[in-house]
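One structure below.
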Amino acid sequence: NNINDVAFISKLIDKLVLTYKINPKKVYITGHSNGGMMAYRLACELSNKIAAIAPNASTMVVNQPCNPSRAMPILHMHSALDTKVPYKGGLGTGTGTEGVFLPAINTVLKTWARKNNCNMLAQVITNNSGYKLTRWSNCTSNVTLDYYLTKDGGHGWPGGLPGGPNSDPPSTAINANDLLWNFFQQHQLP
């Protein structure tokens, strides 16, 4: 319908900040699946209004070049067992992604590491039976990119409840709510 989602969300942020006295330096975006893809798009196009993003079970698919105005902190969560949005990239099988080629998460995060002027050699912080945490650091403005890849679950919200009878089980190795809250508390707009 040619609706400008980015312009709508930009105006929504302005309205919420004004109406509810929200600190404009502490606006964060998270999303699951297509919502996570929107989080990446907003990071590209509204980096002046968003302090950090935390996408889950998604990848970055944008129709125009991604040119954020500042370094963007990112916490990405994904399951190695997700077949709807495969972490290694490939054809999606989820609603809205079926038959669409989706970039690998490592490629997406390496792209952001370049945009954020990070150390391009990512460091594995944790690699246990439940998950692997990879971090890109030494970025502009002390930004980090954290990537949690769980070894259980599927296309679900880690630590959450199952989405329904046909949904994948969520990972029990991490709790997305706790992780993103802790991550967001570390970042704000300059």
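By convention in this document, the chains of the structure tokens carry letters A, B, ... by their order, each chain's residues are numbered from 1, and ligands are numbered from 1 in the order they are shown.
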
Hey, what's within 10 Å of A:Val27 if we count only C-alpha atoms and toss same-chain stuff fewer than 4 positions away? As a tab-separated table (two decimals) with N, CA and C atoms, in the first residue's frame, please?
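Everything below was put into result.tsv:
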```tsv
chain	number	residue	atom	x	y	z
A	13	ILE	N	7.54	7.77	17.60
A	13	ILE	CA	8.56	8.03	18.62
A	13	ILE	C	8.41	9.46	19.14
A	17	VAL	N	7.47	10.28	23.01
A	17	VAL	CA	8.43	11.05	23.82
A	17	VAL	C	7.75	12.28	24.41
A	22	ILE	N	9.13	10.53	27.85
A	22	ILE	CA	10.17	9.51	27.68
A	22	ILE	C	11.48	10.20	27.37
A	23	ASN	N	12.56	9.69	27.92
A	23	ASN	CA	13.89	10.23	27.63
A	23	ASN	C	14.21	9.93	26.16
A	49	LYS	N	17.46	8.62	16.28
A	49	LYS	CA	16.40	8.54	17.29
A	49	LYS	C	16.45	7.26	18.12
A	50	ILE	N	17.26	6.30	17.70
A	50	ILE	CA	17.27	4.98	18.34
A	50	ILE	C	18.64	4.74	18.97
A	51	ALA	N	18.63	4.39	20.26
A	51	ALA	CA	19.88	4.20	20.99
A	51	ALA	C	20.51	2.83	20.71
A	52	ALA	N	19.70	1.78	20.53
A	52	ALA	CA	20.21	0.43	20.29
A	52	ALA	C	19.06	-0.44	19.79
A	53	ILE	N	19.42	-1.58	19.16
A	53	ILE	CA	18.41	-2.53	18.71
A	53	ILE	C	18.75	-3.93	19.20
A	184	PHE	N	20.28	-2.85	26.65
A	184	PHE	CA	19.76	-1.50	26.42
A	184	PHE	C	20.20	-0.54	27.52
A	187	HIS	N	23.36	1.57	26.87
A	187	HIS	CA	23.48	2.45	25.70
A	187	HIS	C	22.42	3.56	25.73
A	188	GLN	N	22.84	4.72	25.27
A	188	GLN	CA	21.92	5.82	25.05
A	188	GLN	C	22.50	6.70	23.95
A	189	LEU	N	21.65	7.51	23.35
A	189	LEU	CA	22.12	8.44	22.30
A	189	LEU	C	23.05	9.47	22.92
```

For stretch 115-119 of chain A, list every protein, DNA or RNA residue within 12 Å, evaluated using only C-alpha atoms, and leave out those in the same chain fewer than 2 positions away; present the list as a PyMOL selection string.
chain A and resi 43-44+47+65-74+108-113+121-123+135-146

What parts of stretch 74-112 of chain A does DSSP call alpha helix (DSSP H)? I'd like the answer as an MDAnalysis selection string.
chainID A and resid 105:112

Which polymer residues have any atom within 8 Å of an atom of stretch 147-164 of chain A, counting only C-alpha atoms, with same-chain residues fewer than 3 positions away left out, as number ranges by chain?
A: 32-33, 56-57, 75-85, 129-135, 167-177

Selected residue, from A:Ala54, A:Ser10, A:Val124, A:Met37, that lies nearest to A:Trp181 when counting only C-alpha atoms
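Once distances to A:Trp181 are computed over only C-alpha atoms, the minimum belongs to A:Ala54.
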
So that I can check the secondary structure, give me every residue of chain A assigned strand (DSSP E) by backbone DSSP, as a PyMOL selection string.
chain A and resi 28-32+52-56+74-79+90-91+101-102+123-127+131-136+145-150

Go ahead and dump the residues you just picked, N, CA, C and O atoms, as a CSV table (one decimal), in the first residue's frame.
```csv
chain,number,residue,atom,x,y,z
A,28,TYR,N,14.6,2.4,22.3
A,28,TYR,CA,15.2,1.2,21.8
A,28,TYR,C,14.2,0.4,21.0
A,28,TYR,O,13.0,0.6,21.1
A,29,ILE,N,14.7,-0.4,20.1
A,29,ILE,CA,13.9,-1.2,19.2
A,29,ILE,C,14.2,-2.7,19.3
A,29,ILE,O,15.4,-3.0,19.3
A,30,THR,N,13.2,-3.5,19.5
A,30,THR,CA,13.4,-4.9,19.4
A,30,THR,C,12.3,-5.5,18.5
A,30,THR,O,11.3,-4.8,18.3
A,31,GLY,N,12.5,-6.7,18.1
A,31,GLY,CA,11.5,-7.3,17.2
A,31,GLY,C,11.9,-8.8,16.9
A,31,GLY,O,13.0,-9.1,16.9
A,32,HIS,N,10.9,-9.6,16.7
A,32,HIS,CA,11.0,-11.0,16.3
A,32,HIS,C,10.7,-11.2,14.9
A,32,HIS,O,9.7,-10.6,14.4
A,52,ALA,N,19.7,1.8,20.5
A,52,ALA,CA,20.2,0.4,20.3
A,52,ALA,C,19.1,-0.4,19.8
A,52,ALA,O,17.9,-0.1,20.0
A,53,ILE,N,19.4,-1.6,19.2
A,53,ILE,CA,18.4,-2.5,18.7
A,53,ILE,C,18.8,-3.9,19.2
A,53,ILE,O,19.9,-4.2,19.5
A,54,ALA,N,17.7,-4.8,19.3
A,54,ALA,CA,17.9,-6.2,19.7
A,54,ALA,C,17.0,-7.1,18.9
A,54,ALA,O,15.9,-7.4,19.3
A,55,PRO,N,17.3,-7.4,17.6
A,55,PRO,CA,16.5,-8.3,16.8
A,55,PRO,C,16.6,-9.7,17.2
A,55,PRO,O,17.7,-10.1,17.7
A,56,ASN,N,15.6,-10.5,17.0
A,56,ASN,CA,15.6,-11.9,17.3
A,56,ASN,C,15.0,-12.7,16.1
A,56,ASN,O,14.0,-12.3,15.5
A,74,ILE,N,24.1,-3.3,18.7
A,74,ILE,CA,23.2,-4.4,18.3
A,74,ILE,C,23.4,-5.6,19.2
A,74,ILE,O,24.5,-6.1,19.4
A,75,LEU,N,22.3,-6.2,19.7
A,75,LEU,CA,22.2,-7.5,20.3
A,75,LEU,C,21.3,-8.3,19.4
A,75,LEU,O,20.1,-8.1,19.3
A,76,HIS,N,21.9,-9.3,18.8
A,76,HIS,CA,21.2,-10.2,17.9
A,76,HIS,C,21.1,-11.6,18.6
A,76,HIS,O,22.1,-12.1,19.0
A,77,MET,N,19.8,-12.1,18.6
A,77,MET,CA,19.6,-13.5,19.1
A,77,MET,C,19.0,-14.4,18.1
A,77,MET,O,18.1,-13.9,17.3
A,78,HIS,N,19.4,-15.6,18.0
A,78,HIS,CA,19.0,-16.5,17.0
A,78,HIS,C,19.2,-18.0,17.4
A,78,HIS,O,20.1,-18.2,18.2
A,79,SER,N,18.4,-18.9,16.9
A,79,SER,CA,18.6,-20.3,17.1
A,79,SER,C,19.2,-20.9,15.9
A,79,SER,O,18.8,-20.7,14.8
A,90,GLY,N,20.1,-18.2,3.3
A,90,GLY,CA,19.4,-19.0,2.4
A,90,GLY,C,18.0,-18.7,2.2
A,90,GLY,O,17.6,-17.6,2.6
A,91,LEU,N,17.2,-19.6,1.7
A,91,LEU,CA,15.8,-19.3,1.4
A,91,LEU,C,15.0,-19.4,2.7
A,91,LEU,O,15.1,-20.4,3.4
A,101,PHE,N,15.5,-15.0,-0.5
A,101,PHE,CA,16.9,-15.2,0.0
A,101,PHE,C,17.2,-14.3,1.1
A,101,PHE,O,17.1,-13.1,1.0
A,102,LEU,N,17.7,-14.9,2.2
A,102,LEU,CA,18.0,-14.1,3.4
A,102,LEU,C,19.5,-14.2,3.7
A,102,LEU,O,20.1,-15.3,3.7
A,123,GLN,N,35.2,-11.8,18.8
A,123,GLN,CA,35.7,-12.7,19.9
A,123,GLN,C,34.6,-13.5,20.4
A,123,GLN,O,33.5,-13.0,20.7
A,124,VAL,N,34.8,-14.8,20.6
A,124,VAL,CA,33.9,-15.7,21.2
A,124,VAL,C,34.0,-15.6,22.7
A,124,VAL,O,35.0,-15.8,23.3
A,125,ILE,N,32.9,-15.1,23.3
A,125,ILE,CA,32.9,-14.8,24.8
A,125,ILE,C,32.5,-16.1,25.5
A,125,ILE,O,33.1,-16.4,26.5
A,126,THR,N,31.5,-16.8,25.0
A,126,THR,CA,31.0,-18.0,25.6
A,126,THR,C,30.6,-19.0,24.5
A,126,THR,O,30.1,-18.6,23.5
A,127,ASN,N,31.0,-20.2,24.8
A,127,ASN,CA,30.6,-21.3,23.9
A,127,ASN,C,30.4,-22.5,24.7
A,127,ASN,O,31.3,-23.2,25.0
A,131,TYR,N,24.5,-22.2,24.2
A,131,TYR,CA,24.6,-21.1,23.3
A,131,TYR,C,26.1,-20.7,23.1
A,131,TYR,O,27.0,-21.0,23.8
A,132,LYS,N,26.2,-19.9,22.0
A,132,LYS,CA,27.5,-19.3,21.7
A,132,LYS,C,27.3,-17.7,21.7
A,132,LYS,O,26.4,-17.3,21.0
A,133,LEU,N,28.1,-17.0,22.4
A,133,LEU,CA,28.1,-15.5,22.4
A,133,LEU,C,29.3,-15.0,21.6
A,133,LEU,O,30.4,-15.3,22.1
A,134,THR,N,29.1,-14.3,20.5
A,134,THR,CA,30.2,-13.7,19.8
A,134,THR,C,30.0,-12.2,19.9
A,134,THR,O,28.9,-11.7,19.8
A,135,ARG,N,31.2,-11.5,20.1
A,135,ARG,CA,31.1,-10.1,20.3
A,135,ARG,C,32.1,-9.4,19.3
A,135,ARG,O,33.3,-9.8,19.2
A,136,TRP,N,31.7,-8.3,18.7
A,136,TRP,CA,32.5,-7.4,18.0
A,136,TRP,C,32.7,-6.2,18.9
A,136,TRP,O,31.7,-5.6,19.3
A,145,LEU,N,28.6,-5.2,19.3
A,145,LEU,CA,27.7,-6.0,18.6
A,145,LEU,C,27.8,-7.4,19.3
A,145,LEU,O,28.8,-8.0,19.3
A,146,ASP,N,26.7,-7.8,19.9
A,146,ASP,CA,26.6,-9.1,20.6
A,146,ASP,C,25.7,-10.1,19.8
A,146,ASP,O,24.6,-9.7,19.4
A,147,TYR,N,26.1,-11.3,19.6
A,147,TYR,CA,25.4,-12.3,18.8
A,147,TYR,C,25.3,-13.5,19.6
A,147,TYR,O,26.3,-14.2,19.9
A,148,TYR,N,24.1,-13.8,20.1
A,148,TYR,CA,23.8,-15.1,20.8
A,148,TYR,C,23.2,-16.1,19.8
A,148,TYR,O,22.1,-15.8,19.3
A,149,LEU,N,23.8,-17.2,19.7
A,149,LEU,CA,23.3,-18.3,18.8
A,149,LEU,C,23.0,-19.5,19.7
A,149,LEU,O,24.0,-20.1,20.3
A,150,THR,N,21.7,-19.7,19.9
A,150,THR,CA,21.4,-20.8,20.8
A,150,THR,C,21.4,-22.2,20.0
A,150,THR,O,21.3,-22.2,18.8
```

In terms of the shortest atom-to-atom distance over only C-alpha atoms, which of A:Leu180, A:Ala104, A:Ala7, A:Met60 is closest to A:Glu45?
A:Ala7

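Of note, atom CA of A:Gln64 and atom CA of A:Asp14 are spaced 24.0 Å apart.
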
By how many Å are atom CA of A:Asn128 and atom CA of A:Gly89 apart?
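Going from atom CA of A:Asn128 over to atom CA of A:Gly89 covers 22.9 Å.
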
For a test of reading the model, state the distance in Å between atom CA of A:Lys11 and atom CA of A:Gly36, rounded to one decimal.
19.5 Å
